[in-house]
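Have a look at the structure below, then the notes.
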Amino acid sequence: MGLNKIILAFFFFCFGFFASAQSAQVKGVILDKNNQPVANVNVSCRGNGTQSNANGYYVLTVPANQKSILIFSHISLKKVTVTVTLKPNEDYEFNLVMGDQDEQMGEVIIMSNNKKRVQGITTIEPEMIRKIPGANAGVENILKSLPGVNSNNELSTQYAVRGGNYDENLVYVNEIEVYRPFLIRSGQQEGLSFTNTDLVQNVDFSAGGFQSKYGDKLSSVLDITYRKPTKFGAVAEASFLGASAAVDAVSKNGKWSQVTGIRYRNNSLLVNSQETETNYTPTFADFQSNVNFKASDKWDFSFLGNVSQNDYQYQPLTRQTNFGTIDNPMALLVYYEGQEKDKYTTVFGAVKSTYTASEKSIYKLIASVYHTQEQEYFDILAQYRLGEVDSNIGSDTFGDVAFTRGIGSQLNHARNDLDALIINTELKGIHNFKKNQFEWGAKFTRESIRDRVIEWEVIDSAGFSINPPKVLPKNDQPYSPYAGPLVPYNNVRATNFVDINRFSGYAQWSRKGYLGGNEVWMNAGIRSQNWTVSGDGITSSTQFTFSPRAQFSIKPNWNKDMFFRLSGGLYHQPPSYRELRDADGVVQADVKAQQSIHVVLSNDYSFKMWQRPFKMVSELYYKSLTDVNPYTLDNVRIRYAAANNAKAYAEGFDFRLNGEFVPGTESWFSFGYLKTEENIDNKGYISRPTDQRLKFALLFQDYMPNIPSIKLYLNLVYNTGLPGGSPSYSDPYLYQNRLNDYRRADVGFFKVLIDDQNPSTKKWLQPFKELAIGLEIFNLFDNQNAITNTWVRDVYSKNQYAIPNYMTTRVFNVKVNMRF
């Protein structure tokens, strides 16, 4: 039934037959004079009414294109009467402060003033984030279902946006920039994202064309706000993958509030489903706390702290990968010796103070410290056998390797250590003057990196040690003996002590107005950054960037709720430490900032279908990149050339339709087309490592009509294959193959035992405000998805075979959710 509705919705989209609705919505939060939420406020309009919940939140449907009188009444507070005039499908936020003195009256005439809609920001409900299934459930799990956001790795929280890589995404929590570890090379090492879903209040996301107030990255902005509790509460979750708990606390006078969360995760359930048999003992744990203090009506203070430790121990045993065709089936058998021991410990702390000087001026001071200590140690010997598989069904050796085409071994060694300290101090201001808003900010960042890299790899094929494809004495064996040195196939040794000082700032102006009866919003701003790279044995380098950006939005005076937006500008990404380090581990201080010209044209259309709200968002974008720093991508590890020797472009189209396909639930489906190519050293354009091309995603919620306490959550993603990479030190222009398409469906079935609509009658269950138990099935259709290729030589044909490294298979998980 749900699928038929989706198909019907898509049919309507293609031919434009949407019915215009004649109603609108008013929603918001009701507070008292002490800024505390007020529950049980009666909100009524023309016989239609509702009540505010425990958080003071309410939502009410009102007629459109006419004056509607809203009456707010409470047993201990004075009545408030407000008159609103809204357009069809308008979704207006009206926050109210109720007093106990005088009755209040007022009139509001609104014609769409949704700030996030104006800025092109996608808002995601925290409740949806917590419930949608995924191997790495959380904010990033939902982001990967949005158009323009791509990932072929369910074990990783990293994502690529419109052709960019993982290092091109900004992440803020409470306006504070957060970071991820430097050395992690595979998704199964990541463990936990910084963002704790149990603490989240708002999630905003922009996939490009964002304003100057956001930082210096090329692709996207994820802006997360943790909640400020208004009363005591607690949530907990447990599953085969780990557990989490969070507690809300508020002081008696309401000035202090705190939300604290702790998480533990173990990926053994997922990793053990892969082809490689392992002894795997990971420990991923973190502790976060957000403390708020309201000192007065003008001063607010907050502290955000996080301690995280990823202890990753990995001992591979065996692996067999079958590939090839039905006519020519082949297999790779690998036997391992050795182990890997990695450890990532991060500590993060930030203090934020907000001073409300007046109704028109607000100032913010933010200071943060991030410290990470990382080690990556491994010695792994892999002995492989590449051969043809016996495909004769009647044979005694059916399925075994019958003819060996190649044998060899590979020894990988690493002793990598990194210690990084990043300190930020930022001052921001917001000023409102009539219909104008001015925002500015100045920031200083100090990065101190202490890094030691020791990595080498020895490859043996048929008893011969393979030399690296570098300039060595001529080898014409077996006709004459080889007299050159025996060296590793790959050898990286470097020690770097690097300091980076960054000064950045921005200023922007916003204004709302009218153009021939149509509402318009304008935004223009600039960003700049000056940075200096210095360190032991490094010639100091100082550089400067200047980035103008602008947005123009218009809402035509039409009956249909249509909205158009044009945004773009010149975006820069000054190099991080990882971008300064080349393939040999040497820091190149003179690497310039990559720059990109963004142009984004978008349309929002809000409408009613089946008497329920829907929204369709379409975006066209183009990015022209210069001074590009080429890189290779292996799982989630990015290796840069540390040279601005390329240019690139990205172009595409994104579409998303979301709404209540099932009454009372929000679902969406999205489609994206992307093409991104680069030209390295003027050799011609080839696909970039993130050239995803087509993407389709469906996020769907449903429930049984006769048993609404049984709920279904479906997360489906289809991506066309990424470029498959190339062997070490090879020319990427010679290896333009692609991985197979990525297809994955995760589904969750939940039985809600207790919630607000079904309170418990049993005494021992009464402490629970919500209790649900569910079954999750990851990779429902058991698709074989590959993340990278392993390159193996055939000693007979001298060919390189690309052996896919497959991700997780079908996995079952049981989860319990609790709220107190």
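To be explicit about the labels: the chains of the structure tokens are called A, B, and onward in the order shown, and within each one the residues are counted from 1, while ligands get numbers from 1 in the order they are shown.
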**Asked** So which residues touch Tyr673 in chain A within 12 Å, counting only C-alpha atoms, skipping near sequence neighbours fewer than 4 positions away, as a PyMOL selection string?
**Response** chain A and resi 147-150+161-163+618-622+650-655+691-696+719-720
Per residue of range 42-149 of chain A within 12 Å of range 269-277 of chain A, note the shortest atom pair and the distance in Å to one decimal, counting only C-alpha atoms, and order the rows by chain and increasing residue number, as JSON lines.
{"residue": "A:Gly134", "atom": "CA", "partner": "A:Leu270", "partner_atom": "CA", "distance": 11.2}
{"residue": "A:Ala135", "atom": "CA", "partner": "A:Leu270", "partner_atom": "CA", "distance": 7.7}
{"residue": "A:Asn136", "atom": "CA", "partner": "A:Leu270", "partner_atom": "CA", "distance": 10.2}
**Request:** Would you list the contacts of range 446-449 of chain A as a VMD selection string, taking every protein, DNA or RNA residue within 6 Å and counting only C-alpha atoms, but skipping same-chain residues closer than 4 positions in sequence?
**Result:** chain A and resid 419 to 423 497 to 501
Quick one: write out the picked residues with N, CA and C atoms as a PDB file, in the first residue's frame?
ATOM      1  N   ASP A 419      50.146  12.976  17.573  1.00  0.00           N
ATOM      2  CA  ASP A 419      49.636  13.753  18.696  1.00  0.00           C
ATOM      3  C   ASP A 419      49.279  15.131  18.166  1.00  0.00           C
ATOM      4  N   ALA A 420      48.018  15.510  18.280  1.00  0.00           N
ATOM      5  CA  ALA A 420      47.558  16.787  17.724  1.00  0.00           C
ATOM      6  C   ALA A 420      46.797  17.578  18.784  1.00  0.00           C
ATOM      7  N   LEU A 421      47.084  18.862  18.850  1.00  0.00           N
ATOM      8  CA  LEU A 421      46.392  19.786  19.754  1.00  0.00           C
ATOM      9  C   LEU A 421      45.867  20.951  18.924  1.00  0.00           C
ATOM     10  N   ILE A 422      44.547  21.176  18.970  1.00  0.00           N
ATOM     11  CA  ILE A 422      43.911  22.251  18.201  1.00  0.00           C
ATOM     12  C   ILE A 422      43.161  23.153  19.167  1.00  0.00           C
ATOM     13  N   ILE A 423      43.496  24.453  19.159  1.00  0.00           N
ATOM     14  CA  ILE A 423      42.888  25.440  20.057  1.00  0.00           C
ATOM     15  C   ILE A 423      42.185  26.491  19.211  1.00  0.00           C
ATOM     16  N   PHE A 497      57.051  17.757  12.859  1.00  0.00           N
ATOM     17  CA  PHE A 497      56.598  18.630  13.937  1.00  0.00           C
ATOM     18  C   PHE A 497      56.115  19.908  13.255  1.00  0.00           C
ATOM     19  N   VAL A 498      54.806  20.089  13.216  1.00  0.00           N
ATOM     20  CA  VAL A 498      54.211  21.158  12.410  1.00  0.00           C
ATOM     21  C   VAL A 498      53.298  22.025  13.282  1.00  0.00           C
ATOM     22  N   ASP A 499      53.388  23.337  13.089  1.00  0.00           N
ATOM     23  CA  ASP A 499      52.493  24.294  13.732  1.00  0.00           C
ATOM     24  C   ASP A 499      51.793  25.097  12.647  1.00  0.00           C
ATOM     25  N   ILE A 500      50.471  25.243  12.797  1.00  0.00           N
ATOM     26  CA  ILE A 500      49.678  26.021  11.845  1.00  0.00           C
ATOM     27  C   ILE A 500      48.867  27.045  12.626  1.00  0.00           C
ATOM     28  N   ASN A 501      49.057  28.321  12.306  1.00  0.00           N
ATOM     29  CA  ASN A 501      48.283  29.411  12.908  1.00  0.00           C
ATOM     30  C   ASN A 501      47.321  29.959  11.862  1.00  0.00           C
TER      31      ASN A 501
END
Apply DSSP to the backbone of this structure and, from range 476-696 of chain A, keep only the residues in strand (DSSP E or B); write these as a compact mmCIF listing (two decimals) with C-alpha atoms, in the first residue's frame.
# COMPACT_ATOMS: atom_id res chain seq x y z
CA ASN A 490 56.30 0.67 -0.60
CA ASN A 491 58.31 2.53 2.06
CA VAL A 492 57.21 5.68 3.90
CA ARG A 493 59.28 7.10 6.76
CA ALA A 494 58.86 10.62 8.09
CA THR A 495 58.76 12.63 11.32
CA ASN A 496 56.89 15.93 11.26
CA PHE A 497 56.60 18.63 13.94
CA VAL A 498 54.21 21.16 12.41
CA ASP A 499 52.49 24.29 13.73
CA ILE A 500 49.68 26.02 11.84
CA ASN A 501 48.28 29.41 12.91
CA ARG A 502 45.02 30.50 11.30
CA PHE A 503 43.22 33.87 11.48
CA SER A 504 39.78 33.87 9.87
CA GLY A 505 36.80 36.16 9.83
CA TYR A 506 33.50 36.87 8.13
CA ALA A 507 30.91 39.59 7.72
CA GLN A 508 27.49 39.24 6.14
CA TRP A 509 24.28 41.20 5.61
CA SER A 510 20.74 39.85 5.27
CA ARG A 511 17.53 41.63 4.39
CA LYS A 512 13.90 40.78 3.78
CA GLY A 513 11.81 42.87 1.42
CA TYR A 514 9.29 42.90 -1.41
CA LEU A 515 9.68 42.99 -5.17
CA ASN A 518 6.71 39.03 -4.12
CA GLU A 519 8.66 38.40 -0.97
CA VAL A 520 12.43 38.40 -1.38
CA TRP A 521 15.37 37.65 0.90
CA MET A 522 18.91 38.75 0.19
CA ASN A 523 22.19 37.74 1.78
CA ALA A 524 25.72 38.80 0.90
CA GLY A 525 28.94 38.26 2.76
CA ILE A 526 32.66 37.65 2.68
CA ARG A 527 35.06 35.27 4.40
CA SER A 528 38.81 35.45 4.63
CA GLN A 529 41.58 33.39 6.18
CA ASN A 530 45.28 33.92 6.72
CA TRP A 531 47.37 30.92 7.73
CA THR A 532 51.03 30.20 8.40
CA VAL A 533 52.65 26.74 8.29
CA SER A 534 55.93 26.29 10.16
CA GLY A 535 57.88 23.59 11.95
CA ILE A 538 60.03 23.32 7.21
CA THR A 539 60.35 26.57 5.30
CA SER A 540 57.60 28.77 6.74
CA SER A 541 54.76 29.63 4.36
CA THR A 542 51.99 32.25 4.78
CA GLN A 543 48.94 32.49 2.53
CA PHE A 544 45.63 34.36 2.35
CA THR A 545 42.18 33.69 0.86
CA PHE A 546 39.14 35.90 0.19
CA SER A 547 35.70 34.32 -0.36
CA PRO A 548 32.59 36.33 -1.38
CA ARG A 549 29.25 34.52 -1.14
CA ALA A 550 25.61 35.49 -1.77
CA GLN A 551 22.04 34.18 -1.71
CA PHE A 552 18.84 35.47 -3.29
CA SER A 553 15.46 33.92 -2.47
CA ILE A 554 12.02 34.79 -3.74
CA LYS A 555 8.53 33.61 -2.86
CA ASP A 561 3.45 27.74 -2.08
CA MET A 562 6.48 27.96 -4.38
CA PHE A 563 9.90 29.18 -3.36
CA PHE A 564 13.01 29.82 -5.50
CA ARG A 565 16.59 30.33 -4.39
CA LEU A 566 19.86 31.18 -6.17
CA SER A 567 23.05 30.93 -4.16
CA GLY A 568 26.76 30.59 -4.66
CA GLY A 569 30.12 32.26 -4.46
CA LEU A 570 33.82 31.57 -4.28
CA TYR A 571 34.65 28.92 -1.66
CA HIS A 572 38.13 28.08 -0.37
CA GLN A 573 39.53 25.20 1.66
CA ARG A 581 51.43 15.61 3.86
CA VAL A 587 54.94 18.07 4.69
CA GLN A 594 41.67 24.50 -3.08
CA GLN A 595 38.99 26.80 -4.44
CA SER A 596 35.57 26.24 -5.93
CA ILE A 597 32.93 28.40 -7.56
CA HIS A 598 29.47 27.23 -6.43
CA VAL A 599 26.24 27.93 -8.29
CA VAL A 600 23.05 26.40 -6.84
CA LEU A 601 19.54 26.96 -8.20
CA SER A 602 16.73 25.42 -6.16
CA ASN A 603 12.97 25.25 -5.87
CA ASP A 604 10.80 24.32 -2.88
CA TYR A 605 7.14 23.41 -3.36
CA SER A 606 4.89 22.77 -0.37
CA PHE A 607 1.47 21.29 -1.04
CA LYS A 608 -1.24 19.03 0.30
CA MET A 609 -1.90 15.55 -1.04
CA ARG A 612 -1.67 15.71 4.28
CA PRO A 613 1.41 18.01 3.97
CA PHE A 614 4.16 17.28 1.45
CA LYS A 615 7.23 19.12 0.25
CA MET A 616 9.23 18.75 -2.94
CA VAL A 617 12.77 20.17 -3.17
CA SER A 618 14.73 20.28 -6.43
CA GLU A 619 18.26 21.65 -6.89
CA LEU A 620 20.59 22.14 -9.85
CA TYR A 621 24.25 22.76 -9.03
CA TYR A 622 27.60 23.29 -10.68
CA LYS A 623 31.05 23.56 -9.07
CA SER A 624 34.22 24.60 -10.87
CA LEU A 625 37.35 23.71 -8.88
CA THR A 626 40.89 25.00 -9.33
CA ASP A 627 44.15 24.46 -7.43
CA VAL A 628 42.85 20.96 -6.74
CA TYR A 631 44.06 12.25 -3.70
CA THR A 632 43.50 8.52 -3.58
CA LEU A 633 40.73 6.95 -1.52
CA ASP A 634 41.11 3.55 0.16
CA ARG A 637 41.76 6.75 4.21
CA ILE A 638 42.64 9.72 2.02
CA ARG A 639 46.16 10.16 0.69
CA TYR A 640 46.89 13.54 -0.92
CA ALA A 646 44.73 19.58 -11.03
CA LYS A 647 41.45 21.21 -11.88
CA ALA A 648 38.01 19.64 -11.61
CA TYR A 649 34.29 20.16 -11.84
CA ALA A 650 31.11 18.72 -10.34
CA GLU A 651 27.62 19.04 -11.76
CA GLY A 652 24.32 17.44 -10.96
CA PHE A 653 20.69 17.48 -9.97
CA ASP A 654 19.07 16.58 -6.63
CA PHE A 655 15.42 15.87 -5.89
CA ARG A 656 13.60 14.99 -2.67
CA LEU A 657 9.91 14.47 -1.94
CA ASN A 658 8.96 14.16 1.73
CA GLY A 659 5.72 14.15 3.62
CA SER A 667 8.93 9.63 4.95
CA TRP A 668 10.85 10.65 1.87
CA PHE A 669 12.46 9.43 -1.27
CA SER A 670 15.33 11.16 -3.00
CA PHE A 671 17.13 10.99 -6.30
CA GLY A 672 20.46 12.47 -7.34
CA TYR A 673 22.62 12.65 -10.44
CA LEU A 674 26.29 13.60 -10.09
CA LYS A 675 29.23 13.81 -12.45
CA THR A 676 32.62 14.93 -11.17
CA GLU A 677 35.90 14.72 -13.07
CA GLU A 678 39.44 16.05 -12.67
CA ASN A 679 42.30 16.93 -14.98
CA ILE A 680 45.70 16.14 -13.43
CA TYR A 685 39.63 14.53 -17.53
CA ILE A 686 39.03 11.30 -15.60
CA SER A 687 36.53 10.39 -12.90
CA LEU A 694 23.28 7.98 -9.74
CA LYS A 695 21.77 7.75 -6.28
CA PHE A 696 18.32 6.70 -5.09
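The smallest atom-to-atom distance between Leu386 in chain A and any of A:Phe323, A:Tyr355, A:Tyr226, A:Tyr713, using only C-alpha atoms, is found for A:Phe323.
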**Fill in**
What separates CA of Gly441 in chain A and CA of Glu426 in chain A is a distance of 7.0 Å
Range 138-141 of chain A environment, 9 Å, only C-alpha atoms, sequence neighbours closer than 2 positions dropped, as a compact mmCIF listing (two decimals) with all heavy atoms, in the first residue's frame:
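Saved to selection.txt:
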# COMPACT_ATOMS: atom_id res chain seq x y z
N ILE A 124 16.28 17.93 10.04
CA ILE A 124 15.97 16.53 10.31
C ILE A 124 15.51 16.39 11.75
O ILE A 124 16.15 16.91 12.67
CB ILE A 124 17.20 15.63 10.07
CG1 ILE A 124 17.73 15.82 8.64
CG2 ILE A 124 16.86 14.17 10.31
CD1 ILE A 124 19.03 15.13 8.38
N PRO A 126 15.04 14.88 15.32
CA PRO A 126 15.84 13.95 16.15
C PRO A 126 15.15 12.61 16.38
O PRO A 126 15.81 11.57 16.44
CB PRO A 126 16.00 14.73 17.47
CG PRO A 126 15.84 16.16 17.10
CD PRO A 126 14.85 16.18 15.98
N ILE A 129 15.95 10.33 13.62
CA ILE A 129 17.34 9.88 13.68
C ILE A 129 17.48 8.68 14.60
O ILE A 129 18.20 7.72 14.32
CB ILE A 129 18.25 11.03 14.15
CG1 ILE A 129 18.22 12.17 13.14
CG2 ILE A 129 19.68 10.54 14.36
CD1 ILE A 129 18.91 13.43 13.62
N ARG A 130 16.78 8.70 15.72
CA ARG A 130 16.91 7.64 16.71
C ARG A 130 16.25 6.34 16.26
O ARG A 130 16.63 5.27 16.71
CB ARG A 130 16.31 8.10 18.04
CG ARG A 130 17.17 9.10 18.80
CD ARG A 130 16.64 9.35 20.18
NE ARG A 130 15.49 10.25 20.16
CZ ARG A 130 15.58 11.57 20.28
NH1 ARG A 130 16.74 12.14 20.42
NH2 ARG A 130 14.50 12.33 20.26
N LYS A 131 15.26 6.42 15.37
CA LYS A 131 14.46 5.24 15.07
C LYS A 131 14.83 4.55 13.75
O LYS A 131 14.59 3.36 13.60
CB LYS A 131 12.98 5.62 15.05
CG LYS A 131 12.44 5.97 16.43
CD LYS A 131 10.96 6.33 16.38
CE LYS A 131 10.42 6.60 17.77
NZ LYS A 131 8.98 6.97 17.76
N ILE A 132 15.39 5.28 12.80
CA ILE A 132 15.67 4.68 11.50
C ILE A 132 16.83 3.70 11.63
O ILE A 132 17.89 4.05 12.14
CB ILE A 132 15.97 5.76 10.45
CG1 ILE A 132 14.73 6.64 10.25
CG2 ILE A 132 16.39 5.14 9.15
CD1 ILE A 132 13.50 5.90 9.80
N PRO A 133 16.68 2.46 11.15
CA PRO A 133 17.74 1.45 11.31
C PRO A 133 18.93 1.72 10.40
O PRO A 133 18.81 2.33 9.34
CB PRO A 133 17.03 0.15 10.93
CG PRO A 133 15.97 0.57 9.97
CD PRO A 133 15.50 1.92 10.44
N GLY A 134 20.09 1.22 10.85
CA GLY A 134 21.31 1.32 10.06
C GLY A 134 22.45 0.71 10.83
O GLY A 134 22.45 0.66 12.06
N ALA A 135 23.45 0.20 10.09
CA ALA A 135 24.60 -0.42 10.75
C ALA A 135 25.32 0.59 11.63
O ALA A 135 25.90 0.24 12.65
CB ALA A 135 25.55 -0.99 9.70
N ASN A 136 25.31 1.86 11.24
CA ASN A 136 25.84 2.95 12.05
C ASN A 136 24.73 3.96 12.26
O ASN A 136 24.72 5.04 11.66
CB ASN A 136 27.05 3.60 11.37
CG ASN A 136 28.35 3.23 12.03
OD1 ASN A 136 28.48 3.30 13.25
ND2 ASN A 136 29.33 2.81 11.24
N LEU A 143 21.68 11.26 6.97
CA LEU A 143 22.24 12.11 5.92
C LEU A 143 22.46 11.33 4.63
O LEU A 143 22.27 11.86 3.53
CB LEU A 143 23.58 12.70 6.38
CG LEU A 143 23.56 13.78 7.46
CD1 LEU A 143 24.96 14.28 7.73
CD2 LEU A 143 22.65 14.93 7.08
N LYS A 144 22.86 10.07 4.75
CA LYS A 144 23.16 9.26 3.57
C LYS A 144 21.91 8.95 2.75
O LYS A 144 22.03 8.45 1.63
CB LYS A 144 23.85 7.97 3.99
CG LYS A 144 25.24 8.21 4.59
CD LYS A 144 25.85 6.93 5.13
CE LYS A 144 27.18 7.20 5.81
NZ LYS A 144 27.80 5.96 6.37
N SER A 145 20.73 9.22 3.29
CA SER A 145 19.50 9.04 2.53
C SER A 145 19.08 10.33 1.81
O SER A 145 18.09 10.33 1.08
CB SER A 145 18.37 8.57 3.44
OG SER A 145 17.99 9.59 4.35
N GLU A 154 28.82 1.09 4.96
CA GLU A 154 27.91 1.11 6.11
C GLU A 154 28.63 1.06 7.44
O GLU A 154 28.04 1.34 8.49
CB GLU A 154 26.92 -0.06 6.02
CG GLU A 154 27.54 -1.43 6.08
CD GLU A 154 27.86 -2.00 4.71
OE1 GLU A 154 27.85 -1.23 3.73
OE2 GLU A 154 28.12 -3.21 4.63
N THR A 157 30.92 6.39 9.35
CA THR A 157 30.03 7.54 9.49
C THR A 157 30.41 8.66 8.53
O THR A 157 29.77 9.72 8.54
CB THR A 157 30.04 8.08 10.93
OG1 THR A 157 31.38 8.46 11.27
CG2 THR A 157 29.56 7.02 11.91
N GLN A 158 31.44 8.45 7.71
CA GLN A 158 31.87 9.48 6.78
C GLN A 158 30.97 9.50 5.55
O GLN A 158 30.39 8.48 5.18
CB GLN A 158 33.32 9.24 6.37
CG GLN A 158 34.29 9.21 7.54
CD GLN A 158 34.18 10.45 8.41
OE1 GLN A 158 34.15 11.57 7.90
NE2 GLN A 158 34.12 10.25 9.71
N TYR A 159 30.88 10.66 4.92
CA TYR A 159 30.01 10.82 3.76
C TYR A 159 30.62 11.84 2.80
O TYR A 159 31.38 12.73 3.21
CB TYR A 159 28.61 11.27 4.18
CG TYR A 159 28.60 12.48 5.09
CD1 TYR A 159 28.52 13.77 4.58
CD2 TYR A 159 28.68 12.33 6.48
CE1 TYR A 159 28.52 14.87 5.40
CE2 TYR A 159 28.68 13.42 7.32
CZ TYR A 159 28.60 14.69 6.77
OH TYR A 159 28.62 15.79 7.60
N SER A 193 30.59 8.08 16.01
CA SER A 193 30.61 9.45 15.54
C SER A 193 30.68 10.39 16.74
O SER A 193 30.30 10.02 17.85
CB SER A 193 29.34 9.73 14.73
OG SER A 193 29.11 11.11 14.61
N THR A 195 28.82 12.98 17.23
CA THR A 195 27.47 13.38 17.61
C THR A 195 26.76 12.27 18.38
O THR A 195 26.63 11.15 17.90
CB THR A 195 26.65 13.74 16.36
OG1 THR A 195 27.35 14.70 15.60
CG2 THR A 195 25.29 14.28 16.76
N ASN A 196 26.29 12.61 19.56
CA ASN A 196 25.50 11.68 20.37
C ASN A 196 24.02 11.95 20.10
O ASN A 196 23.49 13.00 20.49
CB ASN A 196 25.82 11.86 21.85
CG ASN A 196 25.18 10.80 22.72
OD1 ASN A 196 24.12 10.27 22.41
ND2 ASN A 196 25.83 10.48 23.82
N THR A 197 23.37 11.01 19.44
CA THR A 197 21.97 11.21 19.04
C THR A 197 21.05 11.44 20.23
O THR A 197 20.06 12.18 20.13
CB THR A 197 21.50 9.98 18.24
OG1 THR A 197 22.39 9.76 17.15
CG2 THR A 197 20.10 10.19 17.70
N VAL A 203 18.90 19.35 14.03
CA VAL A 203 19.90 18.96 13.04
C VAL A 203 19.60 19.70 11.74
O VAL A 203 18.54 19.50 11.15
CB VAL A 203 19.91 17.44 12.79
CG1 VAL A 203 20.92 17.09 11.71
CG2 VAL A 203 20.23 16.68 14.07
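The space separating CA of Glu93 in chain A from CA of Asp755 in chain A comes to 26.5 Å.
Note that the spacing between CA of Val259 in chain A and CA of Pro767 in chain A amounts to 19.5 Å.
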Once you count only C-alpha atoms, what closest atom pair and distance in Å to one decimal does each residue of range 93-203 of chain A within 12 Å of range 40-46 of chain A have, with rows by chain and rising residue number, as JSON lines?
{"residue": "A:Leu96", "atom": "CA", "partner": "A:Val41", "partner_atom": "CA", "distance": 11.0}
{"residue": "A:Val97", "atom": "CA", "partner": "A:Val41", "partner_atom": "CA", "distance": 11.6}
{"residue": "A:Met98", "atom": "CA", "partner": "A:Val41", "partner_atom": "CA", "distance": 9.8}
Grab the residues selected above and save them as a JSON list (two decimals), in the first residue's frame with C-alpha atoms.
[["chain", "number", "residue", "atom", "x", "y", "z"],
["A", 96, "LEU", "CA", 4.68, 32.83, 22.85],
["A", 97, "VAL", "CA", 5.56, 34.10, 26.32],
["A", 98, "MET", "CA", 2.49, 34.02, 28.62]]
**Request:** Identify, on the basis of only C-alpha atoms, every residue whose closest approach to Leu411 in chain A does not exceed 7 Å; exclude the query and any residue fewer than 3 positions from it along the same chain; express the result as a ChimeraX atom specification.
**Result:** /A:380-382,457-459
Restrict the selected residues to N, CA and C atoms and save them as a PDB file, in the first residue's frame.
ATOM      1  N   ILE A 380      51.189  -7.667   9.471  1.00  0.00           N
ATOM      2  CA  ILE A 380      50.286  -8.684   8.919  1.00  0.00           C
ATOM      3  C   ILE A 380      50.909  -9.275   7.660  1.00  0.00           C
ATOM      4  N   LEU A 381      51.095 -10.595   7.701  1.00  0.00           N
ATOM      5  CA  LEU A 381      51.580 -11.335   6.542  1.00  0.00           C
ATOM      6  C   LEU A 381      50.396 -12.028   5.880  1.00  0.00           C
ATOM      7  N   ALA A 382      50.194 -11.740   4.609  1.00  0.00           N
ATOM      8  CA  ALA A 382      49.101 -12.349   3.834  1.00  0.00           C
ATOM      9  C   ALA A 382      49.704 -13.200   2.732  1.00  0.00           C
ATOM     10  N   GLU A 457      55.884  -2.025   2.959  1.00  0.00           N
ATOM     11  CA  GLU A 457      55.163  -3.153   2.395  1.00  0.00           C
ATOM     12  C   GLU A 457      56.103  -3.937   1.478  1.00  0.00           C
ATOM     13  N   VAL A 458      56.159  -5.233   1.693  1.00  0.00           N
ATOM     14  CA  VAL A 458      56.966  -6.116   0.854  1.00  0.00           C
ATOM     15  C   VAL A 458      56.020  -7.067   0.127  1.00  0.00           C
ATOM     16  N   ILE A 459      56.161  -7.151  -1.193  1.00  0.00           N
ATOM     17  CA  ILE A 459      55.304  -8.014  -2.002  1.00  0.00           C
ATOM     18  C   ILE A 459      56.172  -9.075  -2.677  1.00  0.00           C
TER      19      ILE A 459
END
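If only C-alpha atoms are the atoms counted, then among A:Tyr479, A:Phe444, A:Phe293, A:Tyr370 the closest residue to Ser257 in chain A is A:Phe293.
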**Item:** Contacts of range 234-244 of chain A within 9 Å, only C-alpha atoms, excl. fewer than 3 positions in-chain, as a list in words
**Value:** Ala135, Asp198, Val247, Asp248, Ala249, Gly261, Ile262, Arg263, Tyr264, Arg265, Asn266, Asn267, Ser268, Leu269, Leu270, Glu770, Phe812, Asn813, Val814, Lys815, Val816, Asn817, Met818, Arg819 and Phe820 of chain A
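Using only C-alpha atoms, the shortest contact distance between Arg405 in chain A and any of A:Ile777, A:Ala331, A:Leu714, A:Ile362 is found at A:Ala331.
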